[in-house]
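Data block for protein.pdb (PDB, C-alpha atoms):
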ATOM      1  CA  MET C 184     168.599  46.628 159.389
ATOM      2  CA  LYS C 185     171.325  48.072 157.174
ATOM      3  CA  VAL C 186     171.939  51.778 157.567
ATOM      4  CA  GLY C 187     172.044  52.485 153.850
ATOM      5  CA  ALA C 188     168.734  50.732 153.267
ATOM      6  CA  ILE C 189     166.648  53.448 154.930
ATOM      7  CA  ASN C 190     165.268  56.217 152.778
ATOM      8  CA  PHE C 191     165.663  59.295 154.981
ATOM      9  CA  TYR C 192     163.800  61.535 152.549
ATOM     10  CA  THR C 193     160.587  59.589 152.948
ATOM     11  CA  PHE C 194     161.362  58.153 156.400
ATOM     12  CA  LYS C 195     160.294  54.696 155.271
ATOM     13  CA  SER C 196     161.937  51.417 156.169
ATOM     14  CA  PRO C 197     162.859  48.980 153.342
ATOM     15  CA  ASN C 198     159.469  47.243 153.481
ATOM     16  CA  SER C 199     157.857  50.672 152.854
ATOM     17  CA  THR C 200     156.237  50.913 156.294
ATOM     18  CA  PRO C 201     156.216  54.600 157.306
ATOM     19  CA  PHE C 202     158.340  55.231 160.405
ATOM     20  CA  ASN C 203     156.540  57.474 162.891
ATOM     21  CA  GLY C 204     159.478  58.139 165.255
ATOM     22  CA  SER C 205     162.026  60.936 164.982
ATOM     23  CA  PRO C 206     164.902  60.698 162.468
ATOM     24  CA  ALA C 207     167.351  60.373 165.405
ATOM     25  CA  ALA C 208     165.372  57.430 166.829
ATOM     26  CA  LEU C 209     165.506  55.702 163.455
ATOM     27  CA  ILE C 210     169.243  56.334 163.121
ATOM     28  CA  THR C 211     169.932  55.232 166.719
ATOM     29  CA  LYS C 212     168.268  51.917 165.874
ATOM     30  CA  THR C 213     170.760  51.370 163.099
ATOM     31  CA  ILE C 214     173.947  52.302 164.972
ATOM     32  CA  GLN C 215     173.334  50.788 168.387
ATOM     33  CA  LYS C 216     176.511  48.751 168.174
ATOM     34  CA  GLN C 217     178.662  51.843 167.797
ATOM     35  CA  GLY C 218     177.173  53.481 170.914
ATOM     36  CA  ASP C 219     174.539  56.140 171.401
ATOM     37  CA  LEU C 220     174.458  59.427 169.556
ATOM     38  CA  SER C 221     175.521  62.528 171.504
ATOM     39  CA  LEU C 222     172.731  64.926 172.520
ATOM     40  CA  LEU C 223     173.908  67.534 170.010
ATOM     41  CA  ASN C 224     174.069  64.968 167.191
ATOM     42  CA  LYS C 225     170.574  63.738 168.078
ATOM     43  CA  PHE C 226     169.266  67.309 168.079
ATOM     44  CA  LEU C 227     170.832  68.123 164.704
ATOM     45  CA  ILE C 228     169.550  64.903 163.131
ATOM     46  CA  ASN C 229     166.034  65.663 164.388
ATOM     47  CA  VAL C 230     166.245  69.223 163.061
ATOM     48  CA  SER C 231     166.641  67.780 159.548
ATOM     49  CA  LYS C 232     162.890  67.187 159.643
ATOM     50  CA  TRP C 233     162.026  70.812 160.584
ATOM     51  CA  GLY C 234     159.752  72.759 158.296
ATOM     52  CA  GLU C 235     157.265  75.607 158.260
ATOM     53  CA  LYS C 236     155.589  74.707 161.584
ATOM     54  CA  GLU C 237     158.849  74.735 163.554
ATOM     55  CA  THR C 238     159.931  78.002 161.901
ATOM     56  CA  ILE C 239     156.637  79.659 162.902
ATOM     57  CA  LEU C 240     157.027  78.447 166.516
ATOM     58  CA  LEU C 241     160.690  79.492 166.755
ATOM     59  CA  ASN C 242     159.885  82.911 165.335
ATOM     60  CA  GLY C 243     156.956  83.377 167.738
ATOM     61  CA  ALA C 244     158.927  82.227 170.787
ATOM     62  CA  GLY C 245     161.832  84.568 169.967
ATOM     63  CA  LYS C 246     159.491  87.525 169.500
ATOM     64  CA  ALA C 247     157.433  86.838 172.610
ATOM     65  CA  LEU C 248     160.277  86.024 175.020
ATOM     66  CA  LEU C 249     163.491  87.674 173.816
ATOM     67  CA  ALA C 250     162.404  90.848 172.020
ATOM     68  CA  PRO C 251     160.690  92.484 175.069
ATOM     69  CA  LEU C 252     163.764  91.843 177.245
ATOM     70  CA  VAL C 253     166.071  93.433 174.675
ATOM     71  CA  ILE C 254     163.796  96.489 174.431
ATOM     72  CA  LEU C 255     163.536  96.867 178.238
ATOM     73  CA  PHE C 256     167.226  96.330 178.992
ATOM     74  CA  ASN C 257     168.905  97.784 175.877
ATOM     75  CA  PRO C 258     172.151  99.315 177.244
ATOM     76  CA  PHE C 259     172.522 101.639 174.244
ATOM     77  CA  ILE C 260     169.399 103.722 174.909
ATOM     78  CA  GLY C 261     169.184 104.148 178.709
ATOM     79  CA  ASN C 262     166.103 105.959 180.052
ATOM     80  CA  VAL C 263     166.442 109.224 178.144
ATOM     81  CA  PRO C 264     163.619 110.521 175.920
ATOM     82  CA  PRO C 265     162.111 109.161 173.741
ATOM     83  CA  TYR C 266     163.003 105.915 175.514
ATOM     84  CA  LYS C 267     161.543 106.731 178.922
ATOM     85  CA  LYS C 268     160.756 103.787 181.183
ATOM     86  CA  GLU C 269     157.010 103.844 180.437
ATOM     87  CA  ASN C 270     157.609 104.139 176.696
ATOM     88  CA  LYS C 271     159.913 101.107 176.770
ATOM     89  CA  ALA C 272     157.262  99.072 178.588
ATOM     90  CA  TYR C 273     154.727 100.291 176.043
ATOM     91  CA  MET C 274     156.955  99.177 173.140
ATOM     92  CA  ALA C 275     157.997  95.905 174.799
ATOM     93  CA  LEU C 276     154.402  94.823 175.379
ATOM     94  CA  LYS C 277     153.710  94.972 171.649
ATOM     95  CA  GLN C 278     156.097  92.060 171.012
ATOM     96  CA  PRO C 279     154.314  89.216 172.863
ATOM     97  CA  VAL C 280     150.896  90.425 171.665
ATOM     98  CA  SER C 281     152.015  90.584 168.059
ATOM     99  CA  ALA C 282     153.838  87.221 168.426
ATOM    100  CA  ALA C 283     150.757  85.506 169.884
ATOM    101  CA  VAL C 284     148.427  86.809 167.168
ATOM    102  CA  ASN C 285     150.796  86.119 164.253
ATOM    103  CA  THR C 286     151.822  82.675 165.539
ATOM    104  CA  GLY C 287     148.167  81.741 166.125
ATOM    105  CA  VAL C 288     147.077  82.915 162.672
ATOM    106  CA  GLN C 289     150.023  81.262 160.909
ATOM    107  CA  LEU C 290     149.633  77.950 162.761
ATOM    108  CA  GLY C 291     145.902  77.987 161.971
ATOM    109  CA  ILE C 292     146.717  78.480 158.295
ATOM    110  CA  PHE C 293     149.390  75.766 158.430
ATOM    111  CA  PHE C 294     147.047  73.137 159.912
ATOM    112  CA  GLY C 295     144.244  74.137 157.508
ATOM    113  CA  VAL C 296     146.573  73.840 154.523
ATOM    114  CA  ASN C 297     147.822  70.502 155.866
ATOM    115  CA  LYS C 298     144.310  69.075 155.957
ATOM    116  CA  GLY C 299     143.446  70.552 152.579
ATOM    117  CA  PHE C 300     146.450  69.050 150.822
ATOM    118  CA  ASP C 301     145.950  65.660 152.491
ATOM    119  CA  ALA C 302     142.390  65.673 151.129
ATOM    120  CA  LEU C 303     143.650  66.637 147.652
ATOM    121  CA  LEU C 304     146.181  63.806 147.799
ATOM    122  CA  LYS C 305     143.438  61.314 148.730
ATOM    123  CA  LYS C 306     141.304  62.540 145.831
ATOM    124  CA  GLY C 307     144.253  61.898 143.503
ATOM    125  CA  VAL C 308     144.364  65.514 142.349
ATOM    126  CA  LEU C 309     148.061  66.026 143.123
ATOM    127  CA  ALA C 310     150.876  64.962 140.779
ATOM    128  CA  GLU C 311     152.661  61.688 141.533
ATOM    129  CA  ASN C 312     155.722  63.497 142.953
ATOM    130  CA  PHE C 313     153.688  64.668 145.924
ATOM    131  CA  SER C 314     153.014  61.152 147.182
ATOM    132  CA  ASN C 315     156.544  61.539 148.611
ATOM    133  CA  VAL C 316     156.116  62.808 152.204
ATOM    134  CA  LYS C 317     158.997  65.263 152.025
ATOM    135  CA  HIS C 318     157.857  66.786 148.717
ATOM    136  CA  LEU C 319     154.301  67.112 150.031
ATOM    137  CA  ASN C 320     155.513  68.812 153.233
ATOM    138  CA  ILE C 321     157.507  71.363 151.237
ATOM    139  CA  LEU C 322     154.440  72.083 149.098
ATOM    140  CA  LYS C 323     152.348  72.539 152.244
ATOM    141  CA  GLY C 324     155.004  74.892 153.693
ATOM    142  CA  GLY C 325     155.046  77.003 150.514
ATOM    143  CA  ALA C 326     151.249  77.223 150.392
ATOM    144  CA  SER C 327     150.977  78.261 154.053
ATOM    145  CA  LEU C 328     153.676  80.891 153.497
ATOM    146  CA  ILE C 329     151.691  82.451 150.633
ATOM    147  CA  LEU C 330     148.479  82.438 152.678
ATOM    148  CA  ALA C 331     150.299  83.870 155.728
ATOM    149  CA  LEU C 332     151.527  86.773 153.570
ATOM    150  CA  ALA C 333     148.042  87.337 152.192
ATOM    151  CA  THR C 334     146.498  87.538 155.672
ATOM    152  CA  MET C 335     149.329  89.620 157.195
ATOM    153  CA  PRO C 336     147.556  93.048 157.039
ATOM    154  CA  ALA C 337     144.497  91.591 158.789
ATOM    155  CA  ALA C 338     146.670  89.820 161.391
ATOM    156  CA  CYS C 339     148.639  93.030 162.107
ATOM    157  CA  ALA C 340     145.408  95.042 162.451
ATOM    158  CA  LEU C 341     144.033  92.429 164.867
ATOM    159  CA  ALA C 342     147.312  92.516 166.852
ATOM    160  CA  ASN C 343     147.069  96.334 167.076
ATOM    161  CA  LYS C 344     143.486  96.142 168.378
ATOM    162  CA  ILE C 345     144.376  93.586 171.049
ATOM    163  CA  TYR C 346     147.549  95.540 171.839
ATOM    164  CA  SER C 347     145.642  98.726 172.722
ATOM    165  CA  LYS C 348     143.334  96.727 175.004
ATOM    166  CA  VAL C 349     146.293  95.001 176.677
ATOM    167  CA  THR C 350     148.186  98.275 177.223
ATOM    168  CA  ASN C 351     145.088  99.871 178.724
ATOM    169  CA  LYS C 352     144.748  96.986 181.140
ATOM    170  CA  PHE C 353     148.377  96.339 182.113
ATOM    171  CA  LEU C 354     149.793  99.851 181.901
ATOM    172  CA  LYS C 355     146.755 101.195 183.804
ATOM    173  CA  GLY C 356     145.446 103.329 180.963
ATOM    174  CA  LYS C 357     148.772 105.141 180.546
ATOM    175  CA  LYS C 358     149.343 106.257 176.999
ATOM    176  CA  TYR C 359     152.628 106.635 175.206
ATOM    177  CA  ALA C 360     154.365 109.481 177.123
TER     178      ALA C 360
ATOM    179  CA  MET Z 225     143.187  76.462 138.106
ATOM    180  CA  LEU Z 226     144.688  75.655 141.540
ATOM    181  CA  GLU Z 227     145.466  72.089 140.414
ATOM    182  CA  LYS Z 228     147.257  73.427 137.340
ATOM    183  CA  ILE Z 229     149.444  75.714 139.456
ATOM    184  CA  ILE Z 230     150.261  73.001 142.045
ATOM    185  CA  ASN Z 231     151.065  70.416 139.393
ATOM    186  CA  SER Z 232     152.996  72.839 137.162
ATOM    187  CA  LYS Z 233     156.583  72.024 136.208
ATOM    188  CA  PHE Z 234     157.774  75.158 138.015
ATOM    189  CA  VAL Z 235     156.308  74.050 141.366
ATOM    190  CA  ILE Z 236     157.323  70.375 140.985
ATOM    191  CA  ASN Z 237     160.919  71.240 140.006
ATOM    192  CA  ASN Z 238     161.379  73.763 142.815
ATOM    193  CA  VAL Z 239     159.900  71.402 145.414
ATOM    194  CA  ARG Z 240     162.264  68.655 144.205
ATOM    195  CA  LYS Z 241     165.225  71.058 144.405
ATOM    196  CA  VAL Z 242     164.380  71.997 148.010
ATOM    197  CA  ALA Z 243     163.791  68.334 148.950
ATOM    198  CA  GLU Z 244     167.067  67.092 147.561
ATOM    199  CA  ASN Z 245     169.418  69.859 148.691
ATOM    200  CA  PRO Z 246     169.718  70.645 152.442
ATOM    201  CA  ALA Z 247     171.129  74.132 151.713
ATOM    202  CA  SER Z 248     168.159  74.898 149.433
ATOM    203  CA  ALA Z 249     165.805  73.655 152.171
ATOM    204  CA  ALA Z 250     167.393  76.012 154.708
ATOM    205  CA  LYS Z 251     167.347  78.890 152.170
ATOM    206  CA  PHE Z 252     163.648  78.207 151.548
ATOM    207  CA  LEU Z 253     162.929  78.474 155.293
ATOM    208  CA  ILE Z 254     164.990  81.673 155.717
ATOM    209  CA  GLY Z 255     163.466  83.174 152.559
ATOM    210  CA  GLY Z 256     159.997  82.491 153.968
ATOM    211  CA  VAL Z 257     160.822  84.117 157.303
ATOM    212  CA  VAL Z 258     162.361  87.176 155.594
ATOM    213  CA  ALA Z 259     159.380  87.554 153.235
ATOM    214  CA  LYS Z 260     156.993  87.481 156.199
ATOM    215  CA  ASP Z 261     159.170  89.931 158.171
ATOM    216  CA  ALA Z 262     159.463  92.381 155.283
ATOM    217  CA  PHE Z 263     155.706  92.396 154.800
ATOM    218  CA  GLU Z 264     154.924  92.508 158.531
ATOM    219  CA  TYR Z 265     157.239  95.464 159.213
ATOM    220  CA  ALA Z 266     155.951  97.332 156.137
ATOM    221  CA  VAL Z 267     152.355  96.884 157.324
ATOM    222  CA  SER Z 268     153.368  97.782 160.909
ATOM    223  CA  THR Z 269     155.086 100.982 159.771
ATOM    224  CA  VAL Z 270     151.988 102.144 157.907
ATOM    225  CA  GLN Z 271     149.701 101.153 160.792
ATOM    226  CA  SER Z 272     151.967 102.858 163.370
ATOM    227  CA  LEU Z 273     151.672 106.128 161.434
ATOM    228  CA  LYS Z 274     147.880 105.840 161.546
ATOM    229  CA  ASN Z 275     147.593 104.522 165.131
ATOM    230  CA  GLU Z 276     145.300 106.909 167.019
ATOM    231  CA  GLU Z 277     146.371 105.374 170.337
ATOM    232  CA  ILE Z 278     149.828 106.921 170.014
ATOM    233  CA  PRO Z 279     150.196 110.715 170.333
ATOM    234  CA  LYS Z 280     150.804 112.229 166.902
ATOM    235  CA  LYS Z 281     154.358 113.412 167.657
ATOM    236  CA  LYS Z 282     155.403 109.922 168.789
ATOM    237  CA  ARG Z 283     153.953 108.036 165.819
ATOM    238  CA  LYS Z 284     156.962 108.901 163.693
ATOM    239  CA  LEU Z 285     159.303 107.310 166.230
ATOM    240  CA  MET Z 286     157.251 104.106 166.336
ATOM    241  CA  ALA Z 287     157.129 104.016 162.526
ATOM    242  CA  LEU Z 288     160.874 104.737 162.333
ATOM    243  CA  LEU Z 289     161.546 101.956 164.846
ATOM    244  CA  ASP Z 290     159.416  99.507 162.862
ATOM    245  CA  SER Z 291     160.980 100.405 159.514
ATOM    246  CA  THR Z 292     164.580 100.439 160.858
ATOM    247  CA  THR Z 293     164.055  97.083 162.558
ATOM    248  CA  GLY Z 294     162.480  95.686 159.383
ATOM    249  CA  VAL Z 295     165.260  96.783 157.030
ATOM    250  CA  LEU Z 296     168.104  95.747 159.378
ATOM    251  CA  SER Z 297     166.437  92.464 160.177
ATOM    252  CA  CYS Z 298     165.813  91.456 156.539
ATOM    253  CA  VAL Z 299     169.267  92.477 155.284
ATOM    254  CA  SER Z 300     171.172  90.845 158.162
ATOM    255  CA  GLN Z 301     169.108  87.647 158.034
ATOM    256  CA  LEU Z 302     169.723  87.249 154.320
ATOM    257  CA  ALA Z 303     173.442  88.069 154.539
ATOM    258  CA  LEU Z 304     174.257  85.942 157.602
ATOM    259  CA  GLY Z 305     171.812  83.151 156.826
ATOM    260  CA  PHE Z 306     173.139  82.646 153.318
ATOM    261  CA  GLY Z 307     176.718  83.186 154.558
ATOM    262  CA  ILE Z 308     176.531  80.375 157.078
ATOM    263  CA  LEU Z 309     175.045  78.118 154.386
ATOM    264  CA  ASN Z 310     178.253  78.472 152.379
ATOM    265  CA  LYS Z 311     179.465  74.985 151.372
ATOM    266  CA  ASN Z 312     182.890  75.321 153.035
ATOM    267  CA  VAL Z 313     181.483  76.720 156.291
ATOM    268  CA  GLN Z 314     178.911  73.901 156.497
ATOM    269  CA  LYS Z 315     181.520  71.250 155.668
ATOM    270  CA  ARG Z 316     183.919  72.452 158.363
ATOM    271  CA  MET Z 317     181.205  72.686 161.014
ATOM    272  CA  GLY Z 318     179.831  69.270 160.012
ATOM    273  CA  ASP Z 319     183.281  67.638 160.045
ATOM    274  CA  PHE Z 320     183.846  68.956 163.577
ATOM    275  CA  LEU Z 321     180.404  68.116 165.005
ATOM    276  CA  PHE Z 322     180.062  64.660 163.456
ATOM    277  CA  LYS Z 323     183.689  63.510 163.744
ATOM    278  CA  ASP Z 324     182.730  60.390 165.767
ATOM    279  CA  LEU Z 325     180.067  59.348 163.277
ATOM    280  CA  ILE Z 326     182.427  60.017 160.349
ATOM    281  CA  LYS Z 327     185.104  57.831 162.002
ATOM    282  CA  ALA Z 328     182.509  55.073 162.529
ATOM    283  CA  GLY Z 329     181.580  55.254 158.826
ATOM    284  CA  GLU Z 330     177.942  56.145 159.532
ATOM    285  CA  HIS Z 331     177.402  57.950 156.249
ATOM    286  CA  THR Z 332     173.593  58.087 156.354
ATOM    287  CA  ALA Z 333     173.592  59.485 159.894
ATOM    288  CA  VAL Z 334     176.201  62.091 158.907
ATOM    289  CA  LYS Z 335     174.204  63.083 155.793
ATOM    290  CA  THR Z 336     171.015  63.537 157.824
ATOM    291  CA  GLY Z 337     172.941  65.372 160.560
ATOM    292  CA  ARG Z 338     174.471  67.766 158.009
ATOM    293  CA  ALA Z 339     170.973  68.535 156.661
ATOM    294  CA  GLY Z 340     169.858  69.328 160.220
ATOM    295  CA  LEU Z 341     172.968  71.424 160.831
ATOM    296  CA  ALA Z 342     172.187  73.586 157.779
ATOM    297  CA  VAL Z 343     168.673  74.290 159.083
ATOM    298  CA  ALA Z 344     169.666  74.710 162.761
ATOM    299  CA  SER Z 345     172.701  76.937 162.194
ATOM    300  CA  SER Z 346     170.940  79.272 159.774
ATOM    301  CA  LEU Z 347     167.634  79.499 161.645
ATOM    302  CA  LEU Z 348     169.103  79.842 165.140
ATOM    303  CA  LEU Z 349     171.642  82.411 163.956
ATOM    304  CA  THR Z 350     169.156  84.518 162.008
ATOM    305  CA  ASN Z 351     165.964  84.035 164.028
ATOM    306  CA  ILE Z 352     167.362  84.236 167.550
ATOM    307  CA  LEU Z 353     170.771  85.911 167.637
ATOM    308  CA  VAL Z 354     170.417  88.410 164.799
ATOM    309  CA  LYS Z 355     166.719  89.206 164.615
ATOM    310  CA  ARG Z 356     165.797  89.116 168.286
ATOM    311  CA  ILE Z 357     168.985  90.336 169.997
ATOM    312  CA  LEU Z 358     171.388  92.242 167.720
ATOM    313  CA  VAL Z 359     168.883  94.054 165.485
ATOM    314  CA  PRO Z 360     166.683  95.483 168.310
ATOM    315  CA  LEU Z 361     169.841  96.589 170.171
ATOM    316  CA  VAL Z 362     171.021  98.598 167.162
ATOM    317  CA  ALA Z 363     167.634  99.646 165.725
ATOM    318  CA  ALA Z 364     166.462 101.574 168.817
ATOM    319  CA  PRO Z 365     169.349 104.112 168.888
ATOM    320  CA  ILE Z 366     169.240 104.475 165.081
ATOM    321  CA  ALA Z 367     165.489 105.195 165.187
ATOM    322  CA  SER Z 368     166.044 107.691 168.002
ATOM    323  CA  TYR Z 369     168.786 109.444 165.985
ATOM    324  CA  GLY Z 370     166.476 109.584 162.941
ATOM    325  CA  ASN Z 371     163.644 110.904 165.083
ATOM    326  CA  ASN Z 372     165.798 113.661 166.602
ATOM    327  CA  ARG Z 373     167.043 114.736 163.175
ATOM    328  CA  LEU Z 374     163.491 114.846 161.826
ATOM    329  CA  SER Z 375     162.357 116.953 164.815
ATOM    330  CA  LYS Z 376     165.284 119.378 164.332
ATOM    331  CA  GLN Z 377     164.510 119.727 160.623
ATOM    332  CA  GLN Z 378     160.854 120.445 161.370
ATOM    333  CA  LYS Z 379     161.826 123.098 163.953
ATOM    334  CA  CYS Z 380     164.172 124.759 161.433
ATOM    335  CA  GLU Z 381     161.423 124.794 158.770
ATOM    336  CA  LYS Z 382     159.065 126.536 161.206
TER     337      LYS Z 382
END

Could you express the structure from this file as structure tokens?
Amino acid sequence: MKVGAINFYTFKSPNSTPFNGSPAALITKTIQKQGDLSLLNKFLINVSKWGEKETILLNGAGKALLAPLVILFNPFIGNVPPYKKENKAYMALKQPVSAAVNTGVQLGIFFGVNKGFDALLKKGVLAENFSNVKHLNILKGGASLILALATMPAACALANKIYSKVTNKFLKGKKYA
Amino acid sequence: MLEKIINSKFVINNVRKVAENPASAAKFLIGGVVAKDAFEYAVSTVQSLKNEEIPKKKRKLMALLDSTTGVLSCVSQLALGFGILNKNVQKRMGDFLFKDLIKAGEHTAVKTGRAGLAVASSLLLTNILVKRILVPLVAAPIASYGNNRLSKQQKCEK
């Protein structure tokens, strides 16, 4: 298979059969003679396929795992008021709760939109341009972004409700000091 | 109505632009994240001010923390994200990271890798380093400073 013959925008081989593997796997197939790709190169080539779903997951993971640690161990604020130890725990706990709710809501919207647009494509409602996988994925990403923004107030309110229950349980009913 | 919007020239042209240009694709992703952040922090600030669970005198601090984090996070993500997507910066990073593939003449692999580099560098820089580490480090003392000033002003007014 010639390298230049693959359409990397649609991820289809020359005989138009969709390729289900990762972009790096497809490229590795074509350059086996020159040796394997380095791990970093493979990672970067695979990232070329990232879209809305990966952004939502990355955002959620960062908020749930990193943000609480930075709040708890911020060297610039110490333990002086208003950043007493219990207040920091109170603030830090909001991050994973809010991340879980927002990531869940946004992923739900993303998969719903995905199904909806696939159905529209089958019905033949979408313009010809969207039969291209990459174009369709961008359209799906844009639509889920708009819906995520529209549902944001409700998602934040839900996160706040769960947050007060979680703080009551894990911080033993202590309120913000 | 929905069909008309989806199939409009505006949507088709913008989707094509994002599909064909890796930098536009990365900008689209960052723009989406920033739009969601701006809205989320705005909603959070308002809800923090109304949150009955937090004692009244501490609500301002929570709201200040939310709004400071929101503003810093959106501005820094846009500035650094779009900065790293600069053509020269991307070319230099790509030339360094894909030097073996460039030497081997693997143009398609390099092109795909550069597209991935644009997304990875901008998203990892803005979403992890800036938004989750640098901004919270700086936002907390700024919010505290703002809170102390507000408290002093209120005491003086009394």

List the neighbours of Ile366 in chain Z out to 12 Å using only C-alpha atoms; skip same-chain residues closer than 2 positions along the sequence, and give me the result as a ChimeraX atom specification. /C:259-260 /Z:285,288-293,295-296,359-364,368-373

Keeping only C-alpha atoms, write the selected residues to a file as a PDB file, in the coordinates of the input.
ATOM      1  CA  PHE C 259     172.522 101.639 174.244  1.00  0.00           C
ATOM      2  CA  ILE C 260     169.399 103.722 174.909  1.00  0.00           C
TER       3      ILE C 260
ATOM      4  CA  LEU Z 285     159.303 107.310 166.230  1.00  0.00           C
ATOM      5  CA  LEU Z 288     160.874 104.737 162.333  1.00  0.00           C
ATOM      6  CA  LEU Z 289     161.546 101.956 164.846  1.00  0.00           C
ATOM      7  CA  ASP Z 290     159.416  99.507 162.862  1.00  0.00           C
ATOM      8  CA  SER Z 291     160.980 100.405 159.514  1.00  0.00           C
ATOM      9  CA  THR Z 292     164.580 100.439 160.858  1.00  0.00           C
ATOM     10  CA  THR Z 293     164.055  97.083 162.558  1.00  0.00           C
ATOM     11  CA  VAL Z 295     165.260  96.783 157.030  1.00  0.00           C
ATOM     12  CA  LEU Z 296     168.104  95.747 159.378  1.00  0.00           C
ATOM     13  CA  VAL Z 359     168.883  94.054 165.485  1.00  0.00           C
ATOM     14  CA  PRO Z 360     166.683  95.483 168.310  1.00  0.00           C
ATOM     15  CA  LEU Z 361     169.841  96.589 170.171  1.00  0.00           C
ATOM     16  CA  VAL Z 362     171.021  98.598 167.162  1.00  0.00           C
ATOM     17  CA  ALA Z 363     167.634  99.646 165.725  1.00  0.00           C
ATOM     18  CA  ALA Z 364     166.462 101.574 168.817  1.00  0.00           C
ATOM     19  CA  SER Z 368     166.044 107.691 168.002  1.00  0.00           C
ATOM     20  CA  TYR Z 369     168.786 109.444 165.985  1.00  0.00           C
ATOM     21  CA  GLY Z 370     166.476 109.584 162.941  1.00  0.00           C
ATOM     22  CA  ASN Z 371     163.644 110.904 165.083  1.00  0.00           C
ATOM     23  CA  ASN Z 372     165.798 113.661 166.602  1.00  0.00           C
ATOM     24  CA  ARG Z 373     167.043 114.736 163.175  1.00  0.00           C
TER      25      ARG Z 373
END

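Shortest separation to Pro251 in chain C among C:Asn229, C:Thr238, C:Gln278, C:Asn270 occurs at residue C:Gln278, atoms counted being all atoms listed in the file.
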
Ground truth for the ChimeraX specification (/Z :<6) & /C, written as a PDB file with C-alpha atoms, in the coordinates of the input:
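The result, stored in expr_30.pdb:
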ATOM      1  CA  LEU C 227     170.832  68.123 164.704  1.00  0.00           C
ATOM      2  CA  ILE C 228     169.550  64.903 163.131  1.00  0.00           C
ATOM      3  CA  VAL C 230     166.245  69.223 163.061  1.00  0.00           C
ATOM      4  CA  SER C 231     166.641  67.780 159.548  1.00  0.00           C
ATOM      5  CA  ALA C 250     162.404  90.848 172.020  1.00  0.00           C
ATOM      6  CA  ASN C 257     168.905  97.784 175.877  1.00  0.00           C
ATOM      7  CA  ALA C 310     150.876  64.962 140.779  1.00  0.00           C
ATOM      8  CA  TYR C 359     152.628 106.635 175.206  1.00  0.00           C
TER       9      TYR C 359
END

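Here CA of Gly287 in chain C and CA of Ile321 in chain C stand 20.4 Å from one another.
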
When you look at Phe293 in chain C with a cut-off of 9 Å (counting only C-alpha atoms), what residues show up, excluding the ones that are within fewer than 5 positions of it in the same chain? I need them as a short mmCIF file (atom, residue, chain, number, x, y, z; two decimals) with C-alpha atoms, keeping the file's coordinate frame.
data_model
loop_
_atom_site.label_atom_id
_atom_site.label_comp_id
_atom_site.auth_asym_id
_atom_site.auth_seq_id
_atom_site.Cartn_x
_atom_site.Cartn_y
_atom_site.Cartn_z
CA GLU C 235 157.26 75.61 158.26
CA LYS C 236 155.59 74.71 161.58
CA VAL C 288 147.08 82.92 162.67
CA LYS C 298 144.31 69.08 155.96
CA LYS C 323 152.35 72.54 152.24
CA GLY C 324 155.00 74.89 153.69
CA ALA C 326 151.25 77.22 150.39
CA SER C 327 150.98 78.26 154.05
CA LEU C 328 153.68 80.89 153.50
CA LEU C 330 148.48 82.44 152.68
CA ALA C 331 150.30 83.87 155.73
#
